[in-house]
Each structure stands twice: as structure tokens, then as C-alpha cells.
Amino acid sequence: MLTKRPRGTNDFLPEDTCKWQYVENLLRELCHEFGYEEIRTPIFEETELFLRGVGDTTDIVQKEMYTFEDAGGRSVTLRPENTASAVRAYVENKLAARPQPTKLFYIGPMFRYERPQAGRFRQFHQFGVECFGAASPAADAEIITLAWEFYRRLGLKNLELNLNSVGCPECRPAYRKALQDFLRPNLDKLCDSCRERFEKNPLRIFDCKNPECQQYLAGAPTTLDALCDDCREHFEAVKKYLDAVGIPYKINERLVRGLDYYTNTAFEILLSDIGAQSAVCGGGRYNRLVEEIGGKPTPGVGFALGMERVFNALASQGIELPAGRKVDVFVAALDAAAGEEAFRLTCELRRQGLAAVQDVMGRSLKAQFKYADKFAAAYTLIVGGDELARGTVQLRDMAAGEQSEVAISDVVPLICAKFHK
RNA sequence: GUGGAUAUGGUGAAGUGGUUAACACACCGGAUUGUGGCUCCGGCACGCGUGGGUUCGACCCCCACUAUCCACCCCA
């Protein structure tokens, strides 16, 4: 079917893209205020990068990647997320040699082969930030603040910030063992995937939605119980920063990140009224990711948010974004000869920075006026034979319904004056 | 990958086993000489997701497929 887009993808039409631009502009402005600069990495990378950067035990890697072999026999993959690429670019371009920390943001399409659903697509768009080189809890708090401020400016309500700490290589192993010891007596009663997680990633058993499994988790030791002094101090500091700027959060000790290189802070921002895919933002600290990918040990924090989910949230809360811009002047012509002069005048108006549109359909004057209305043109210029003979055109103020005859030589400056151009 | 629901023109949608598939909006055109937003008139599915089947006859019945939506899983 030639006229059908691929499953799980979207066409964004003009009425959509004007909203996207508004939100993207807001994000860019926000990043500027926070000192984050844009990075653009390839849409595809060597597959190996994601195996290491995302983790080869994750669902993303195991069953959701668009992987193919290029004509040169290399295995490449459409990026399922952007953090791995950002880390790769940080190392490859030696950004560590620049003043630290390195504060980057990205925005663009990501690809995951998933079953489409509300708020979930095969090509979707993420905005995210990464901060490399800063181990301070202030960096954690800074990116959370950025995300929170974004939603606040959009006017979204009922957001819930969930916060946790998953520890570090010092305290995690002990915790992991404690959790395994706690669960072991009931191991055979857990579901299949949880039994698998028990060995590989026992923390992720907290993610299981099976009520049976949850039952055996009651009273389990939490990551927070097991934090070492440094991690505890870090976590307390993050909370203190958030308290200081009045950002409310909920401690959720079941919020975990399964991969080994995640450390300390983990957070999610949830919004329950947009369907099952309620996470609008997720992130955390990953102090071991850079070295995992082959760089020097470098601390990092970051988050990503789903653009489509932002628009879902806006729609569900009835928030209207500013509409697209209107046309300043419509230039109507009565015949071919007038059309030439209309063309010239239209271009002249554009050179002065005005949005000017002329008829290219050869329509009747009446139809041209109707068309001008669709664009809500502020003014319409009428170029006709009679006026041309006199060296003039008609200038009509559409809202006022008033019209006057103006010398062709004066009309462009006159219109510019009305728009202060 | 699993489950549920749904598939009629650009959109929202009526519709009955049997001649020309409502209606509204949108779009296009027109309503005496070169002028809009209101009003009026007209046009706009050779076709009812695709492919089979049942039937004298199907958009309406059956089967398959596909797609969409929602949910599981997972995540943004």
C-alpha cells in the first residue's frame, strides 16, 4: 500500500507542526537559561553501541531495535534512545577537554519496534539532557528542575515527581544480596520473568506488576535502607535542593533502573490522565556509563521526555498552544496583466519582511477574497486594469472593511508603516 | 509477542439482505457588470478497509488478512 504510512509512525501536518515548533522553542529557550547546548548525533549508530549503552538484557535491545546490515556489511541500528550516542560523541570528540561539566541537550526522532498504543509509537520523539563531568547532587537537582520548569511553563497540572536512589558500586552489591536473601524462600512462587530477574537484576522485580510477586515483596529491604554513607549524603542533598526551590516529590523506593551503570538518583515524572503510558519523563544518574562505552570514568546525569506524550498531556488538560502566524497581506489580481504587477508587489512586500501571499490559482476576485479570509490576511491589495492605468492599486483593511486607492509607488512603504517595518 | 474493540466520502457520522449510500462540517463553484467574513443555490463516495465465501441479490451474513484504537509487556 503506497499511500499508507508505516505502522506506528505519524505525519505531522501544519496544524501540528506549529505546536511542535512552539514547544521546541520553549525547550530551547529553557536549555539556554540552564546553560545546556544542543548536540545532534546520527539517527543510526553501530549496533554495538546500543548493546553496551542501553544494555543487552533490556527489552529495547532484545526485541525492539531496528537493526540492519548496510551495504558494507556493518550492523547498524536506528537509535532507540539518545543517551548512548551522546556518551559516544562526548568521548569521541573529547568534550572532556573543554570546560566541565559538559551540558548537552538533544531533540529528535527515536525508533523502537513496539506495538503502538496511546503515547507509544515506533518512531517517536524525545527531548533529553545529559550532564557529564559533574558528580555533585546539584547537577541531579538541576536537570530535575529543568524538566519541572518545562511542564510548569506549559501549564500542566497533576504531575507527580517520583524520586529514589539506587546506590552505587559500593553499596549496591550488598543490597542486591540482601534482597535475594529476602526473596529466596519464596523464589519458586515468583513468576517466570521474576525468577529470571532474581539472578540477573533482582532490583527489577520491583517493576513486576504481577500481584502475586508484589505480595512476596512486602517488607522487602529497600535500596534506601542499604545506601552507603556517600550515597545517603548525595540523596539527602538532592532532596534539599528540590526543597529549596519548592519542587514536590514523592520518595518511591520501588523506582529502579535495572542496569549496572545507573547509580544514585533515579526519577520519573508521571501524569495519570494520559493513559497507561503515564511516564512523561524519566532519568537519573549513570556514573559508570561513560567508562562502559570506553571513556574515562566520568559521572553523568540525564533524562529524556517523550514529545508525543507532552502533546497528549496538553490535549487531555485542554491546554491550547498559540496558533500559527497569520498572513499580513494578500495580493489579488484581476487578470494576467495585473498578475505580473501583483507578483512584483508581493515580492517587494516580502523583501520588507512581511508575510505576503498572492493568488496562483487564477480565481475570480470573489474567490480570492474568500481565500484571503482563510489566512486571516490583515490587508488585501487589489491590482486591476483600471487602477494600473492610473498607476494605483486598491488597499483594503480587511477587519475594518475600508478601502482606499493608493499610488503604486507609495503602497509598499505605506503597508510597512502599518506593520512598523 | 498476547488480549479486547473497531473499520462507510477530507472530517464527524446515519443506514437496510434488494432500485440512484442520509445528514452535518470541510472543500470547490455560483447568486447581473472587478470585492471577503452572514445567507441562499449547486458540486463533491462508480463506493461502504483488503481478499474470498454464502445468496437470485450484500455496505449490511460467514471466513481470512490488514490497519486503527485501547490494554498487557516495556518504556519517553
# chains A, B, ... in the order shown; residues from 1 in each chain; ligands from 1
call {"tool": "residues_around", "arguments": {"residues": "Met110 (chain A)", "least_positions_apart": "3", "cutoff": "9 Å", "atoms": "only C-alpha atoms (C1' of nucleotides)", "output": "PyMOL selection string"}}
result
chain A and resi 43+78-82+122-126
call {"tool": "write_last_selection", "arguments": {"atoms": "C-alpha atoms", "output": "tab-separated table (two decimals), in the first residue's frame"}}
result
chain	number	residue	atom	x	y	z
A	43	ILE	CA	19.96	8.76	13.52
A	78	LEU	CA	18.25	3.17	14.25
A	79	ARG	CA	18.74	4.87	17.59
A	80	PRO	CA	16.20	3.69	20.20
A	81	GLU	CA	17.29	6.49	22.54
A	82	ASN	CA	19.94	9.20	22.53
A	122	ARG	CA	7.60	3.13	16.55
A	123	GLN	CA	9.01	6.45	15.53
A	124	PHE	CA	8.64	8.84	18.43
A	125	HIS	CA	10.41	11.97	19.55
A	126	GLN	CA	12.42	12.62	22.63
call {"tool": "residues_around", "arguments": {"residues": "C60 (chain B)", "least_positions_apart": "2", "cutoff": "12 Å", "atoms": "only C-alpha atoms (C1' of nucleotides)", "output": "PyMOL selection string"}}
result
chain B and resi 8+15-18+21+48+58
call {"tool": "interface_residues", "arguments": {"of": "chain A", "to": "chain B", "cutoff": "6 Å", "atoms": "only C-alpha atoms (C1' of nucleotides)", "output": "PyMOL selection string"}}
result
chain A and resi 280-281+305-306+366+369-370
call {"tool": "write_last_selection", "arguments": {"atoms": "C-alpha atoms", "output": "PDB file, in the first residue's frame"}}
result
ATOM      1  CA  VAL A 280       6.239  11.740  30.688  1.00  0.00           C
ATOM      2  CA  CYS A 281       9.833  11.980  31.797  1.00  0.00           C
ATOM      3  CA  LEU A 305      10.967  13.090  27.881  1.00  0.00           C
ATOM      4  CA  GLY A 306       8.550  11.952  25.190  1.00  0.00           C
ATOM      5  CA  LYS A 366     -14.589  36.935  -5.081  1.00  0.00           C
ATOM      6  CA  PHE A 369     -11.200  37.364  -1.180  1.00  0.00           C
ATOM      7  CA  LYS A 370     -12.555  34.209   0.378  1.00  0.00           C
TER       8      LYS A 370
END
call {"tool": "select_by_dssp", "arguments": {"residues": "region 184-313 of chain A", "states": "strand (DSSP E or B)", "output": "compact mmCIF listing (two decimals) with N, CA and C atoms, in the first residue's frame"}}
result
# COMPACT_ATOMS: atom_id res chain seq x y z
N LYS A 250 7.90 12.64 45.54
CA LYS A 250 7.45 11.51 46.33
C LYS A 250 8.57 10.48 46.31
N ILE A 251 8.98 10.04 47.48
CA ILE A 251 10.01 9.01 47.51
C ILE A 251 9.35 7.69 47.13
N THR A 263 23.44 4.80 38.84
CA THR A 263 23.87 4.99 40.22
C THR A 263 23.08 6.11 40.86
N ASN A 264 22.94 6.04 42.14
CA ASN A 264 22.31 7.12 42.89
C ASN A 264 20.92 7.45 42.39
N THR A 265 20.75 8.71 41.98
CA THR A 265 19.42 9.23 41.71
C THR A 265 18.71 8.55 40.54
N ALA A 266 17.45 8.20 40.77
CA ALA A 266 16.56 7.77 39.70
C ALA A 266 15.27 8.57 39.88
N PHE A 267 14.72 9.05 38.78
CA PHE A 267 13.46 9.79 38.94
C PHE A 267 12.57 9.62 37.72
N GLU A 268 11.29 9.82 37.93
CA GLU A 268 10.31 9.78 36.86
C GLU A 268 9.28 10.85 37.14
N ILE A 269 8.74 11.42 36.09
CA ILE A 269 7.60 12.33 36.26
C ILE A 269 6.41 11.67 35.61
N LEU A 270 5.36 11.49 36.39
CA LEU A 270 4.18 10.75 35.93
C LEU A 270 2.97 11.66 35.81
N ALA A 279 4.36 7.76 32.06
CA ALA A 279 5.65 8.41 32.34
C ALA A 279 5.94 9.45 31.27
N VAL A 280 5.95 10.70 31.67
CA VAL A 280 6.24 11.74 30.69
C VAL A 280 7.72 12.11 30.70
N CYS A 281 8.43 11.64 31.71
CA CYS A 281 9.83 11.98 31.80
C CYS A 281 10.53 10.98 32.70
N GLY A 282 11.73 10.55 32.32
CA GLY A 282 12.45 9.62 33.16
C GLY A 282 13.95 9.84 33.04
N GLY A 283 14.64 9.67 34.16
CA GLY A 283 16.08 9.87 34.09
C GLY A 283 16.77 9.49 35.37
N GLY A 284 18.04 9.84 35.44
CA GLY A 284 18.79 9.52 36.63
C GLY A 284 20.28 9.68 36.41
N ARG A 285 21.00 9.24 37.38
CA ARG A 285 22.46 9.36 37.34
C ARG A 285 23.06 8.05 36.84
N GLY A 300 27.79 11.20 35.27
CA GLY A 300 26.80 11.76 34.35
C GLY A 300 25.41 11.69 34.92
N VAL A 301 24.58 12.63 34.53
CA VAL A 301 23.15 12.58 34.86
C VAL A 301 22.38 13.03 33.63
N GLY A 302 21.16 12.54 33.50
CA GLY A 302 20.36 12.97 32.36
C GLY A 302 18.93 12.50 32.49
N PHE A 303 18.13 12.99 31.58
CA PHE A 303 16.76 12.49 31.50
C PHE A 303 16.29 12.61 30.06
N ALA A 304 15.19 11.95 29.77
CA ALA A 304 14.55 12.09 28.46
C ALA A 304 13.06 12.23 28.69
N LEU A 305 12.43 12.99 27.81
CA LEU A 305 10.97 13.09 27.88
C LEU A 305 10.38 12.88 26.50
N GLY A 306 9.19 12.30 26.46
CA GLY A 306 8.55 11.95 25.19
C GLY A 306 7.68 13.10 24.70
call {"tool": "atom_distance", "arguments": {"atom1": "C1' of G51 (chain B)", "atom2": "CA of Arg5 (chain A)"}}
result
21.1 Å
call {"tool": "atom_distance", "arguments": {"atom1": "CA of Ala407 (chain A)", "atom2": "CA of Val357 (chain A)"}}
result
20.1 Å
call {"tool": "residues_around", "arguments": {"residues": "Ala96 (chain A)", "least_positions_apart": "2", "cutoff": "10 Å", "atoms": "only C-alpha atoms (C1' of nucleotides)", "output": "PyMOL selection string"}}
result
chain A and resi 90-94+98-102+132-133+295-296+298
call {"tool": "write_last_selection", "arguments": {"atoms": "N, CA and C atoms", "output": "short mmCIF file (atom, residue, chain, number, x, y, z; two decimals), in the first residue's frame"}}
result
data_model
loop_
_atom_site.label_atom_id
_atom_site.label_comp_id
_atom_site.auth_asym_id
_atom_site.auth_seq_id
_atom_site.Cartn_x
_atom_site.Cartn_y
_atom_site.Cartn_z
N TYR A 90 30.58 12.37 23.26
CA TYR A 90 31.35 13.02 24.32
C TYR A 90 32.78 12.48 24.34
N VAL A 91 32.88 11.16 24.22
CA VAL A 91 34.19 10.53 24.24
C VAL A 91 34.92 10.77 22.92
N GLU A 92 34.23 10.50 21.82
CA GLU A 92 34.87 10.58 20.50
C GLU A 92 35.38 12.00 20.21
N ASN A 93 34.61 13.00 20.59
CA ASN A 93 35.00 14.39 20.29
C ASN A 93 35.78 15.04 21.43
N LYS A 94 36.14 14.22 22.40
CA LYS A 94 36.97 14.68 23.52
C LYS A 94 36.41 15.93 24.19
N ARG A 98 37.12 20.17 27.23
CA ARG A 98 36.55 21.52 27.32
C ARG A 98 36.19 21.82 28.77
N PRO A 99 35.85 23.06 29.04
CA PRO A 99 35.46 23.37 30.42
C PRO A 99 34.34 22.44 30.88
N GLN A 100 34.49 21.89 32.08
CA GLN A 100 33.50 20.95 32.59
C GLN A 100 32.54 21.65 33.55
N PRO A 101 31.32 21.18 33.70
CA PRO A 101 30.78 19.99 33.05
C PRO A 101 30.38 20.26 31.60
N THR A 102 30.13 19.18 30.87
CA THR A 102 29.58 19.27 29.52
C THR A 102 28.07 19.11 29.64
N PHE A 132 27.66 15.76 31.75
CA PHE A 132 28.83 14.90 32.00
C PHE A 132 29.86 15.66 32.84
N GLY A 133 30.48 14.94 33.75
CA GLY A 133 31.61 15.51 34.48
C GLY A 133 31.29 16.09 35.83
N GLY A 295 35.13 5.36 27.66
CA GLY A 295 35.78 6.61 28.05
C GLY A 295 36.38 6.49 29.43
N LYS A 296 36.98 7.58 29.88
CA LYS A 296 37.49 7.59 31.25
C LYS A 296 36.31 7.65 32.20
N THR A 298 33.65 8.85 34.24
CA THR A 298 33.10 10.21 34.23
C THR A 298 31.67 10.15 34.76
#
call {"tool": "residues_around", "arguments": {"residues": "G42 (chain B)", "least_positions_apart": "6", "cutoff": "12 Å", "atoms": "only C-alpha atoms (C1' of nucleotides)", "output": "ChimeraX atom specification"}}
result
/B:28-31
call {"tool": "closest_residue", "arguments": {"among": "B:C40, B:C56, B:C27, B:C65", "to": "G9 (chain B)", "atoms": "only C-alpha atoms (C1' of nucleotides)"}}
result
B:C27
call {"tool": "select_by_dssp", "arguments": {"residues": "region 96-292 of chain A", "states": "alpha helix (DSSP H)", "output": "number ranges by chain"}}
result
A: 137-154, 172-183, 192-200, 211-217, 229-244, 289-292
call {"tool": "residues_around", "arguments": {"residues": "Lys239 (chain A)", "least_positions_apart": "6", "cutoff": "12 Å", "atoms": "only C-alpha atoms (C1' of nucleotides)", "output": "ChimeraX atom specification"}}
result
/A:137-138,140-142,144-145,161-165,232-233,245-251,265,267
call {"tool": "write_last_selection", "arguments": {"atoms": "N, CA and C atoms", "output": "tab-separated table (two decimals), in the first residue's frame"}}
result
chain	number	residue	atom	x	y	z
A	137	PRO	N	25.44	16.50	43.69
A	137	PRO	CA	23.98	16.37	43.69
A	137	PRO	C	23.29	17.60	43.10
A	138	ALA	N	23.99	18.70	43.04
A	138	ALA	CA	23.40	19.91	42.44
A	138	ALA	C	23.08	19.66	40.97
A	140	ASP	N	22.17	16.76	39.68
A	140	ASP	CA	20.93	15.97	39.65
A	140	ASP	C	19.73	16.89	39.80
A	141	ALA	N	19.85	17.77	40.81
A	141	ALA	CA	18.73	18.67	41.08
A	141	ALA	C	18.50	19.63	39.93
A	142	GLU	N	19.58	20.02	39.27
A	142	GLU	CA	19.46	20.98	38.17
A	142	GLU	C	18.62	20.42	37.02
A	144	ILE	N	16.47	17.96	37.13
A	144	ILE	CA	15.09	17.74	37.56
A	144	ILE	C	14.34	19.07	37.53
A	145	THR	N	15.03	20.10	37.95
A	145	THR	CA	14.43	21.43	37.95
A	145	THR	C	14.09	21.87	36.53
A	161	LEU	N	6.32	13.85	40.70
A	161	LEU	CA	7.74	13.53	40.60
A	161	LEU	C	8.08	12.40	41.57
A	162	ASN	N	8.52	11.29	41.03
A	162	ASN	CA	8.94	10.17	41.87
A	162	ASN	C	10.46	10.15	41.94
A	163	LEU	N	10.96	9.88	43.14
A	163	LEU	CA	12.40	10.01	43.36
A	163	LEU	C	12.90	8.80	44.14
A	164	ASN	N	14.09	8.36	43.77
A	164	ASN	CA	14.70	7.26	44.51
A	164	ASN	C	16.21	7.31	44.32
A	165	SER	N	16.90	6.50	45.10
A	165	SER	CA	18.33	6.33	44.88
A	165	SER	C	18.62	4.84	44.84
A	232	ARG	N	23.89	8.08	50.66
A	232	ARG	CA	22.85	8.68	51.50
A	232	ARG	C	22.98	10.20	51.53
A	233	GLU	N	24.22	10.62	51.66
A	233	GLU	CA	24.51	12.05	51.70
A	233	GLU	C	24.10	12.70	50.37
A	245	VAL	N	13.75	24.89	46.23
A	245	VAL	CA	13.03	25.60	45.16
A	245	VAL	C	11.57	25.17	45.10
A	246	GLY	N	11.14	24.45	46.13
A	246	GLY	CA	9.72	24.14	46.25
A	246	GLY	C	9.19	23.15	45.24
A	247	ILE	N	10.04	22.24	44.78
A	247	ILE	CA	9.55	21.20	43.87
A	247	ILE	C	9.14	19.99	44.70
A	248	PRO	N	7.86	19.62	44.64
A	248	PRO	CA	7.39	18.50	45.45
A	248	PRO	C	7.79	17.17	44.81
A	249	TYR	N	8.12	16.21	45.65
A	249	TYR	CA	8.49	14.90	45.14
A	249	TYR	C	7.98	13.84	46.09
A	250	LYS	N	7.90	12.64	45.54
A	250	LYS	CA	7.45	11.51	46.33
A	250	LYS	C	8.57	10.48	46.31
A	251	ILE	N	8.98	10.04	47.48
A	251	ILE	CA	10.01	9.01	47.51
A	251	ILE	C	9.35	7.69	47.13
A	265	THR	N	20.75	8.71	41.98
A	265	THR	CA	19.42	9.23	41.71
A	265	THR	C	18.71	8.55	40.54
A	267	PHE	N	14.72	9.05	38.78
A	267	PHE	CA	13.46	9.79	38.94
A	267	PHE	C	12.57	9.62	37.72
call {"tool": "atom_distance", "arguments": {"atom1": "CA of Glu405 (chain A)", "atom2": "CA of Thr392 (chain A)"}}
result
6.4 Å
